[in-house]
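File shown: upload37.txt. Contents: compact mmCIF, C-alpha atoms.
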# COMPACT_ATOMS: atom_id res chain seq x y z
CA MET C 1 -27.43 -21.77 -83.08
CA LYS C 2 -29.92 -24.42 -81.92
CA ILE C 3 -31.39 -23.77 -78.48
CA ASP C 4 -33.25 -26.42 -76.52
CA LEU C 5 -35.72 -24.48 -74.40
CA ALA C 6 -36.19 -27.39 -71.99
CA ILE C 7 -32.45 -27.43 -71.21
CA LEU C 8 -32.48 -23.67 -70.78
CA GLU C 9 -35.45 -23.90 -68.40
CA LEU C 10 -33.78 -26.61 -66.30
CA THR C 11 -30.54 -24.62 -66.11
CA VAL C 12 -32.38 -21.52 -64.94
CA SER C 13 -34.28 -23.65 -62.41
CA ARG C 14 -31.00 -24.97 -61.03
CA PHE C 15 -29.52 -21.46 -60.88
CA CYS C 16 -32.56 -19.99 -59.13
CA HIS C 17 -32.79 -22.91 -56.69
CA ASP C 18 -29.29 -22.16 -55.42
CA LEU C 19 -29.96 -18.43 -55.17
CA ILE C 20 -33.29 -18.59 -53.36
CA SER C 21 -31.84 -19.50 -49.97
CA PRO C 22 -29.24 -16.71 -49.58
CA ILE C 23 -31.48 -14.05 -51.11
CA GLY C 24 -34.33 -15.11 -48.82
CA ALA C 25 -31.98 -14.88 -45.85
CA VAL C 26 -30.98 -11.33 -46.87
CA ASN C 27 -34.65 -10.40 -46.93
CA ASN C 28 -35.22 -11.99 -43.51
CA GLY C 29 -32.30 -10.07 -42.03
CA LEU C 30 -33.56 -6.77 -43.43
CA GLU C 31 -37.07 -7.41 -42.11
CA LEU C 32 -35.67 -8.04 -38.63
CA LEU C 33 -33.75 -4.77 -38.79
CA GLU C 34 -36.94 -2.84 -39.48
CA ASP C 35 -38.67 -3.80 -36.22
CA GLU C 36 -36.00 -5.03 -33.83
CA GLN C 37 -34.73 -2.80 -31.03
CA ASP C 38 -32.52 -5.22 -29.12
CA PRO C 39 -28.88 -4.34 -30.00
CA GLU C 40 -27.76 -7.98 -29.99
CA LEU C 41 -30.56 -9.09 -32.28
CA VAL C 42 -29.91 -6.10 -34.55
CA ALA C 43 -26.24 -7.14 -34.80
CA GLU C 44 -27.27 -10.72 -35.60
CA ALA C 45 -29.69 -9.54 -38.27
CA ARG C 46 -27.01 -7.38 -39.88
CA ALA C 47 -24.54 -10.27 -39.82
CA LEU C 48 -27.14 -12.60 -41.38
CA ALA C 49 -27.89 -10.13 -44.15
CA ALA C 50 -24.18 -9.54 -44.81
CA ARG C 51 -23.29 -13.27 -44.92
CA SER C 52 -26.22 -14.07 -47.15
CA ALA C 53 -25.51 -11.18 -49.52
CA ARG C 54 -21.91 -12.38 -49.84
CA ARG C 55 -23.10 -15.92 -50.60
CA ALA C 56 -25.53 -14.69 -53.24
CA SER C 57 -22.76 -12.61 -54.82
CA ILE C 58 -20.41 -15.61 -54.89
CA LEU C 59 -23.05 -17.77 -56.57
CA LEU C 60 -23.78 -15.12 -59.17
CA GLN C 61 -20.10 -14.69 -60.02
CA ALA C 62 -19.43 -18.45 -60.15
CA TYR C 63 -22.46 -19.29 -62.28
CA ARG C 64 -21.84 -16.28 -64.54
CA CYS C 65 -18.59 -17.96 -65.59
CA ALA C 66 -19.53 -21.64 -65.20
CA LEU C 67 -22.84 -21.40 -67.06
CA GLY C 68 -22.68 -18.06 -68.84
CA ASN C 69 -20.69 -16.54 -71.67
CA ALA C 70 -18.15 -14.92 -69.34
CA GLY C 71 -16.39 -18.27 -68.98
CA ASN C 72 -15.93 -18.52 -72.75
CA GLN C 73 -13.72 -15.46 -72.95
CA ALA C 74 -9.98 -15.92 -73.47
CA SER C 75 -9.44 -13.59 -70.51
CA PHE C 76 -11.10 -16.09 -68.15
CA GLY C 77 -8.10 -18.02 -66.96
CA PHE C 78 -7.06 -20.80 -64.63
CA GLY C 79 -6.41 -18.51 -61.65
CA GLU C 80 -9.84 -16.89 -61.80
CA ALA C 81 -11.54 -20.28 -62.09
CA ILE C 82 -9.73 -21.50 -58.98
CA LYS C 83 -10.62 -18.36 -57.03
CA LEU C 84 -14.31 -18.66 -57.94
CA ALA C 85 -14.26 -22.36 -57.09
CA ARG C 86 -12.75 -21.72 -53.65
CA ASP C 87 -15.29 -18.99 -52.98
CA PHE C 88 -18.10 -21.32 -54.09
CA LEU C 89 -16.89 -24.04 -51.69
CA GLU C 90 -16.70 -21.62 -48.77
CA GLY C 91 -18.67 -23.05 -45.87
CA TRP C 92 -19.38 -26.34 -47.67
CA ARG C 93 -16.92 -28.47 -45.69
CA VAL C 94 -15.22 -29.32 -48.98
CA ILE C 95 -11.54 -28.42 -49.27
CA LEU C 96 -9.96 -27.92 -52.68
CA ALA C 97 -6.35 -29.12 -52.58
CA GLY C 98 -3.49 -29.73 -54.98
CA VAL C 99 -3.81 -26.44 -56.85
CA PRO C 100 -0.45 -25.74 -58.57
CA ALA C 101 1.42 -22.64 -57.42
CA MET C 102 1.92 -21.58 -61.03
CA SER C 103 -0.98 -21.57 -63.48
CA PRO C 104 -0.50 -23.95 -66.43
CA SER C 105 0.36 -22.09 -69.62
CA ASP C 106 -1.33 -21.97 -73.03
CA LEU C 107 -4.54 -23.66 -71.92
CA PRO C 108 -7.23 -23.80 -74.60
CA THR C 109 -10.15 -21.40 -74.36
CA GLY C 110 -12.90 -23.11 -72.41
CA PHE C 111 -10.56 -25.23 -70.26
CA SER C 112 -10.96 -23.00 -67.20
CA LYS C 113 -14.74 -22.87 -67.61
CA LEU C 114 -14.88 -26.67 -67.75
CA LEU C 115 -12.66 -26.87 -64.67
CA LEU C 116 -14.92 -24.54 -62.68
CA VAL C 117 -18.16 -26.32 -63.53
CA SER C 118 -16.50 -29.70 -62.87
CA ILE C 119 -15.41 -28.60 -59.39
CA ILE C 120 -18.95 -27.43 -58.64
CA LEU C 121 -20.34 -30.76 -59.86
CA MET C 122 -17.85 -32.89 -57.95
CA SER C 123 -18.31 -30.94 -54.73
CA GLU C 124 -21.94 -32.07 -54.74
CA THR C 125 -20.89 -35.72 -54.57
CA LEU C 126 -19.34 -35.09 -51.13
CA ALA C 127 -22.57 -35.18 -49.16
CA ARG C 128 -20.84 -34.91 -45.76
CA GLY C 129 -17.86 -32.87 -46.87
CA GLY C 130 -14.36 -34.02 -47.64
CA ASP C 131 -11.37 -33.29 -49.83
CA LEU C 132 -11.32 -32.49 -53.53
CA LEU C 133 -7.85 -32.96 -54.97
CA LEU C 134 -7.01 -31.27 -58.27
CA VAL C 135 -4.27 -32.70 -60.48
CA VAL C 136 -3.46 -30.82 -63.70
CA ASP C 137 -1.97 -33.03 -66.40
CA GLY C 138 0.29 -31.21 -68.86
CA GLU C 139 0.05 -27.79 -70.48
CA GLY C 140 -1.06 -26.35 -73.78
CA PRO C 141 -3.78 -27.77 -76.07
CA GLY C 142 -3.30 -31.32 -74.76
CA ALA C 143 -3.74 -30.41 -71.08
CA GLY C 144 -6.22 -32.25 -68.91
CA PHE C 145 -7.11 -32.49 -65.25
CA ARG C 146 -8.26 -34.90 -62.59
CA LEU C 147 -10.51 -34.26 -59.62
CA ILE C 148 -10.36 -36.84 -56.84
CA ALA C 149 -13.14 -36.61 -54.26
CA GLU C 150 -12.60 -38.31 -50.92
CA GLY C 151 -15.11 -38.27 -48.09
CA GLN C 152 -17.22 -40.33 -45.72
CA GLN C 153 -20.15 -40.41 -48.12
CA ILE C 154 -19.95 -40.23 -51.90
CA VAL C 155 -23.26 -39.60 -53.66
CA LEU C 156 -23.10 -40.45 -57.35
CA ALA C 157 -26.29 -40.67 -59.40
CA ASP C 158 -26.42 -43.56 -61.88
CA ASP C 159 -27.19 -41.23 -64.76
CA TYR C 160 -24.12 -39.03 -64.35
CA LYS C 161 -21.73 -41.16 -66.39
CA PRO C 162 -23.74 -41.17 -69.65
CA LEU C 163 -24.64 -37.50 -69.16
CA LEU C 164 -20.98 -36.56 -68.76
CA ALA C 165 -20.18 -38.54 -71.90
CA ALA C 166 -22.66 -36.30 -73.76
CA ASN C 167 -24.30 -39.31 -75.38
CA ALA C 168 -27.32 -39.81 -73.12
CA SER C 169 -30.92 -39.04 -73.91
CA THR C 170 -32.16 -35.71 -72.59
CA ALA C 171 -35.60 -37.15 -71.88
CA ASN C 172 -34.86 -37.71 -68.19
CA LEU C 173 -33.06 -34.46 -67.53
CA ASP C 174 -34.12 -32.44 -64.50
CA ALA C 175 -32.75 -29.61 -62.37
CA ARG C 176 -30.81 -32.19 -60.33
CA ASN C 177 -28.73 -33.67 -63.16
CA VAL C 178 -28.69 -30.89 -65.75
CA LEU C 179 -25.30 -29.70 -64.48
CA ALA C 180 -23.75 -33.07 -65.35
CA TYR C 181 -25.22 -32.85 -68.85
CA LEU C 182 -23.90 -29.32 -69.34
CA THR C 183 -20.46 -30.40 -68.10
CA GLY C 184 -20.41 -33.11 -70.76
CA LEU C 185 -21.41 -30.63 -73.45
CA LEU C 186 -18.70 -28.17 -72.39
CA ALA C 187 -16.08 -30.93 -72.54
CA ALA C 188 -17.23 -32.05 -76.00
CA ARG C 189 -17.13 -28.49 -77.29
CA ILE C 190 -13.41 -28.16 -76.53
CA ARG C 191 -12.71 -31.73 -77.69
CA MET C 192 -12.20 -33.25 -74.28
CA LYS C 193 -13.68 -36.43 -72.87
CA ILE C 194 -14.69 -37.23 -69.30
CA ASP C 195 -14.35 -40.47 -67.39
CA LEU C 196 -15.89 -40.92 -63.96
CA GLY C 197 -15.68 -43.81 -61.54
CA GLN C 198 -15.22 -44.87 -57.96
CA SER C 199 -11.73 -46.21 -57.27
CA GLY C 200 -12.45 -47.32 -53.71
CA PRO C 201 -14.72 -46.72 -50.73
CA GLY C 202 -15.29 -43.02 -50.30
CA ARG C 203 -13.21 -42.14 -53.35
CA LEU C 204 -14.43 -40.86 -56.71
CA GLU C 205 -12.24 -39.91 -59.66
CA PHE C 206 -13.19 -37.50 -62.44
CA LEU C 207 -10.83 -37.37 -65.41
CA ALA C 208 -11.01 -34.76 -68.17
CA SER C 209 -8.58 -35.45 -70.98
CA ALA C 210 -8.02 -34.27 -74.54
CA HIS C 211 -9.25 -36.49 -77.36
CA ALA C 212 -6.43 -38.30 -79.11
Could you express the structure from this file as structure tokens?
Amino acid sequence: MKIDLAILELTVSRFCHDLISPIGAVNNGLELLEDEQDPELVAEARALAARSARRASILLQAYRCALGNAGNQASFGFGEAIKLARDFLEGWRVILAGVPAMSPSDLPTGFSKLLLVSIILMSETLARGGDLLLVVDGEGPGAGFRLIAEGQQIVLADDYKPLLAANASTANLDARNVLAYLTGLLAARIRMKIDLGQSGPGRLEFLASAHA
């Protein structure tokens, strides 16, 4: 197995960046509890610590499967990916819609991991919140999915398309765009390709489909 230490370092930087805020807030809440006597402020500090601890736990669980080996296991299925995605989006003003009532059957190993990391990536394009519509195309080894982001402001970096195609140079990778690069690698590993483009004002479409 070939490991690029620079990619590993950027991935860890991205992971830690997202965790710093909630973990810092937990620490702030606990510090307030040590010295505060006012019952209302004590209650606020406890609520802050509890909310922040929950957020940190959600991030750990989501990234454990989206970026770690847990998402490669056959036991990691469509339903768990959707649950983690919804938890991740909690409080982000991004609503995940279109999820089928019944999980698609016989999905290839790695499909659900790719779906989870793709939802995380696409949610970041909705700078002011919005809707993220999921459409699952087919079942079995040939299954694919679409994510349609709609919102007042779509933020799409110019380098995302080549990174998602897994054919871009890694020279300009940073903690901001490393998730797009990893998404492209995950898709290539399970023989899927990704197309990304804006289909109108405030509308961005992400298509993951099986190679012919």
Would you mind listing what lies within 8 Å of stretch 120-133 of chain C as a list in words, with only C-alpha atoms counted and same-chain residues fewer than 5 positions away left out?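 The filter keeps Ala85, Phe88, Leu89, Trp92, Arg93, Val94, Ile95, Leu96, Ala97, Gly98, Val99, Arg146, Leu147, Ile148, Ala149, Glu150, Gly151, Gln152, Gln153, Ile154, Val155, Leu156, Leu179, Ala180 and Phe206 of chain C.
Counting from atom CA of C:Arg46, the distance to atom CA of C:Gly29 is 6.3 Å.
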Taking all atoms listed in the file into account, name the residue in C:Glu34, C:Leu116, C:Gly110, C:Ser103 that is nearest to C:Leu84. C:Leu116
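Shortest separation to C:Ala74 among C:Glu139, C:Asp18, C:Glu36, C:Asp106 occurs at residue C:Asp106, atoms counted being only C-alpha atoms.
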So which one's closest to C:Lys113, C:Val136, C:Leu186, C:Ala47, C:Ala175? Using all atoms listed in the file, please. C:Leu186
Would you mind listing what lies within 9 Å of C:Asp87 as a VMD selection string, with all atoms listed in the file counted and same-chain residues fewer than 3 positions away left out? chain C and resid 55 58 to 59 62 82 to 84 90 to 91
Now that the selection is made, can you save its residues with C-alpha atoms as a PDB file, in the coordinates of the input?
ATOM      1  CA  ARG C  55     -23.100 -15.920 -50.600  1.00  0.00           C
ATOM      2  CA  ILE C  58     -20.410 -15.610 -54.890  1.00  0.00           C
ATOM      3  CA  LEU C  59     -23.050 -17.770 -56.570  1.00  0.00           C
ATOM      4  CA  ALA C  62     -19.430 -18.450 -60.150  1.00  0.00           C
ATOM      5  CA  ILE C  82      -9.730 -21.500 -58.980  1.00  0.00           C
ATOM      6  CA  LYS C  83     -10.620 -18.360 -57.030  1.00  0.00           C
ATOM      7  CA  LEU C  84     -14.310 -18.660 -57.940  1.00  0.00           C
ATOM      8  CA  GLU C  90     -16.700 -21.620 -48.770  1.00  0.00           C
ATOM      9  CA  GLY C  91     -18.670 -23.050 -45.870  1.00  0.00           C
TER      10      GLY C  91
END
If you count only C-alpha atoms, which residues fall within 12 Å of C:Ala50, apart from same-chain ones fewer than 5 positions away, as a ChimeraX atom specification? /C:22-23,25-30,43-45,55-57
Could you give me, as JSON lines, every stretch 47-102 of chain C residue with an atom at most 12 Å from stretch 10-13 of chain C, plus its closest atom pair and distance in Å to one decimal, counting all atoms listed in the file, rows ordered by chain then number?
{"residue": "C:Tyr63", "atom": "CA", "partner": "C:Thr11", "partner_atom": "CA", "distance": 10.4}
{"residue": "C:Arg64", "atom": "CA", "partner": "C:Val12", "partner_atom": "CA", "distance": 11.8}
{"residue": "C:Ala66", "atom": "CA", "partner": "C:Thr11", "partner_atom": "CA", "distance": 11.4}
{"residue": "C:Leu67", "atom": "CA", "partner": "C:Thr11", "partner_atom": "CA", "distance": 8.4}
{"residue": "C:Gly68", "atom": "CA", "partner": "C:Thr11", "partner_atom": "CA", "distance": 10.6}
Which residue is closest to C:Val117? Choose from C:Gly79, C:Gly184, C:Gly144, C:Gly24 and count only C-alpha atoms.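 When distances to C:Val117 are compared using only C-alpha atoms, the smallest one comes from C:Gly184.
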How would stretch 143-154 of chain C look with all heavy atoms restored, written as a PDB file, in the frame of the given file?
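After the write, result_35.pdb holds the following:
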ATOM      1  N   ALA C 143      -3.615 -30.356 -72.542  1.00  0.00           N
ATOM      2  CA  ALA C 143      -3.740 -30.410 -71.080  1.00  0.00           C
ATOM      3  C   ALA C 143      -5.054 -31.045 -70.662  1.00  0.00           C
ATOM      4  O   ALA C 143      -6.072 -30.965 -71.359  1.00  0.00           O
ATOM      5  CB  ALA C 143      -3.615 -29.009 -70.500  1.00  0.00           C
ATOM      6  N   GLY C 144      -5.028 -31.675 -69.509  1.00  0.00           N
ATOM      7  CA  GLY C 144      -6.220 -32.250 -68.910  1.00  0.00           C
ATOM      8  C   GLY C 144      -6.166 -32.060 -67.403  1.00  0.00           C
ATOM      9  O   GLY C 144      -5.239 -31.443 -66.879  1.00  0.00           O
ATOM     10  N   PHE C 145      -7.148 -32.582 -66.718  1.00  0.00           N
ATOM     11  CA  PHE C 145      -7.110 -32.490 -65.250  1.00  0.00           C
ATOM     12  C   PHE C 145      -7.895 -33.636 -64.633  1.00  0.00           C
ATOM     13  O   PHE C 145      -8.742 -34.263 -65.272  1.00  0.00           O
ATOM     14  CB  PHE C 145      -7.663 -31.148 -64.770  1.00  0.00           C
ATOM     15  CG  PHE C 145      -9.118 -30.895 -65.079  1.00  0.00           C
ATOM     16  CD1 PHE C 145     -10.133 -31.323 -64.229  1.00  0.00           C
ATOM     17  CD2 PHE C 145      -9.483 -30.214 -66.237  1.00  0.00           C
ATOM     18  CE1 PHE C 145     -11.466 -31.089 -64.521  1.00  0.00           C
ATOM     19  CE2 PHE C 145     -10.821 -29.976 -66.542  1.00  0.00           C
ATOM     20  CZ  PHE C 145     -11.813 -30.413 -65.672  1.00  0.00           C
ATOM     21  N   ARG C 146      -7.543 -33.916 -63.379  1.00  0.00           N
ATOM     22  CA  ARG C 146      -8.260 -34.900 -62.590  1.00  0.00           C
ATOM     23  C   ARG C 146      -8.776 -34.242 -61.317  1.00  0.00           C
ATOM     24  O   ARG C 146      -8.111 -33.386 -60.740  1.00  0.00           O
ATOM     25  CB  ARG C 146      -7.338 -36.061 -62.215  1.00  0.00           C
ATOM     26  CG  ARG C 146      -7.066 -37.045 -63.340  1.00  0.00           C
ATOM     27  CD  ARG C 146      -6.045 -38.075 -62.913  1.00  0.00           C
ATOM     28  NE  ARG C 146      -4.700 -37.509 -62.881  1.00  0.00           N
ATOM     29  CZ  ARG C 146      -3.713 -37.984 -62.134  1.00  0.00           C
ATOM     30  NH1 ARG C 146      -3.922 -39.024 -61.338  1.00  0.00           N
ATOM     31  NH2 ARG C 146      -2.517 -37.438 -62.175  1.00  0.00           N
ATOM     32  N   LEU C 147      -9.951 -34.673 -60.892  1.00  0.00           N
ATOM     33  CA  LEU C 147     -10.510 -34.260 -59.620  1.00  0.00           C
ATOM     34  C   LEU C 147     -10.812 -35.532 -58.833  1.00  0.00           C
ATOM     35  O   LEU C 147     -11.565 -36.392 -59.291  1.00  0.00           O
ATOM     36  CB  LEU C 147     -11.802 -33.458 -59.819  1.00  0.00           C
ATOM     37  CG  LEU C 147     -11.637 -32.061 -60.422  1.00  0.00           C
ATOM     38  CD1 LEU C 147     -12.995 -31.487 -60.829  1.00  0.00           C
ATOM     39  CD2 LEU C 147     -10.956 -31.115 -59.432  1.00  0.00           C
ATOM     40  N   ILE C 148     -10.199 -35.650 -57.674  1.00  0.00           N
ATOM     41  CA  ILE C 148     -10.360 -36.840 -56.840  1.00  0.00           C
ATOM     42  C   ILE C 148     -11.097 -36.430 -55.567  1.00  0.00           C
ATOM     43  O   ILE C 148     -10.582 -35.651 -54.762  1.00  0.00           O
ATOM     44  CB  ILE C 148      -9.001 -37.467 -56.495  1.00  0.00           C
ATOM     45  CG1 ILE C 148      -8.242 -37.795 -57.800  1.00  0.00           C
ATOM     46  CG2 ILE C 148      -9.187 -38.713 -55.646  1.00  0.00           C
ATOM     47  CD1 ILE C 148      -6.787 -38.156 -57.579  1.00  0.00           C
ATOM     48  N   ALA C 149     -12.306 -36.922 -55.425  1.00  0.00           N
ATOM     49  CA  ALA C 149     -13.140 -36.610 -54.260  1.00  0.00           C
ATOM     50  C   ALA C 149     -13.002 -37.724 -53.237  1.00  0.00           C
ATOM     51  O   ALA C 149     -13.159 -38.904 -53.560  1.00  0.00           O
ATOM     52  CB  ALA C 149     -14.590 -36.441 -54.686  1.00  0.00           C
ATOM     53  N   GLU C 150     -12.717 -37.342 -52.003  1.00  0.00           N
ATOM     54  CA  GLU C 150     -12.600 -38.310 -50.920  1.00  0.00           C
ATOM     55  C   GLU C 150     -13.410 -37.817 -49.729  1.00  0.00           C
ATOM     56  O   GLU C 150     -13.237 -36.668 -49.287  1.00  0.00           O
ATOM     57  CB  GLU C 150     -11.143 -38.509 -50.515  1.00  0.00           C
ATOM     58  CG  GLU C 150     -10.292 -39.171 -51.589  1.00  0.00           C
ATOM     59  CD  GLU C 150      -8.874 -39.458 -51.115  1.00  0.00           C
ATOM     60  OE1 GLU C 150      -8.298 -38.575 -50.439  1.00  0.00           O
ATOM     61  OE2 GLU C 150      -8.358 -40.544 -51.398  1.00  0.00           O
ATOM     62  N   GLY C 151     -14.278 -38.656 -49.218  1.00  0.00           N
ATOM     63  CA  GLY C 151     -15.110 -38.270 -48.090  1.00  0.00           C
ATOM     64  C   GLY C 151     -15.825 -39.463 -47.503  1.00  0.00           C
ATOM     65  O   GLY C 151     -15.769 -40.576 -48.046  1.00  0.00           O
ATOM     66  N   GLN C 152     -16.521 -39.242 -46.387  1.00  0.00           N
ATOM     67  CA  GLN C 152     -17.220 -40.330 -45.720  1.00  0.00           C
ATOM     68  C   GLN C 152     -18.378 -40.859 -46.545  1.00  0.00           C
ATOM     69  O   GLN C 152     -18.706 -42.038 -46.478  1.00  0.00           O
ATOM     70  CB  GLN C 152     -17.753 -39.847 -44.361  1.00  0.00           C
ATOM     71  CG  GLN C 152     -16.671 -39.584 -43.327  1.00  0.00           C
ATOM     72  CD  GLN C 152     -17.260 -39.204 -41.986  1.00  0.00           C
ATOM     73  OE1 GLN C 152     -18.455 -38.962 -41.864  1.00  0.00           O
ATOM     74  NE2 GLN C 152     -16.412 -39.152 -40.974  1.00  0.00           N
ATOM     75  N   GLN C 153     -19.008 -39.983 -47.323  1.00  0.00           N
ATOM     76  CA  GLN C 153     -20.150 -40.410 -48.120  1.00  0.00           C
ATOM     77  C   GLN C 153     -20.074 -39.798 -49.515  1.00  0.00           C
ATOM     78  O   GLN C 153     -20.098 -38.583 -49.669  1.00  0.00           O
ATOM     79  CB  GLN C 153     -21.460 -39.999 -47.445  1.00  0.00           C
ATOM     80  CG  GLN C 153     -22.700 -40.473 -48.201  1.00  0.00           C
ATOM     81  CD  GLN C 153     -23.990 -40.077 -47.515  1.00  0.00           C
ATOM     82  OE1 GLN C 153     -23.975 -39.399 -46.498  1.00  0.00           O
ATOM     83  NE2 GLN C 153     -25.112 -40.487 -48.073  1.00  0.00           N
ATOM     84  N   ILE C 154     -19.965 -40.656 -50.505  1.00  0.00           N
ATOM     85  CA  ILE C 154     -19.950 -40.230 -51.900  1.00  0.00           C
ATOM     86  C   ILE C 154     -21.337 -40.491 -52.497  1.00  0.00           C
ATOM     87  O   ILE C 154     -21.840 -41.615 -52.447  1.00  0.00           O
ATOM     88  CB  ILE C 154     -18.892 -40.977 -52.728  1.00  0.00           C
ATOM     89  CG1 ILE C 154     -17.485 -40.726 -52.173  1.00  0.00           C
ATOM     90  CG2 ILE C 154     -18.984 -40.581 -54.192  1.00  0.00           C
ATOM     91  CD1 ILE C 154     -16.948 -39.349 -52.411  1.00  0.00           C
TER      92      ILE C 154
END
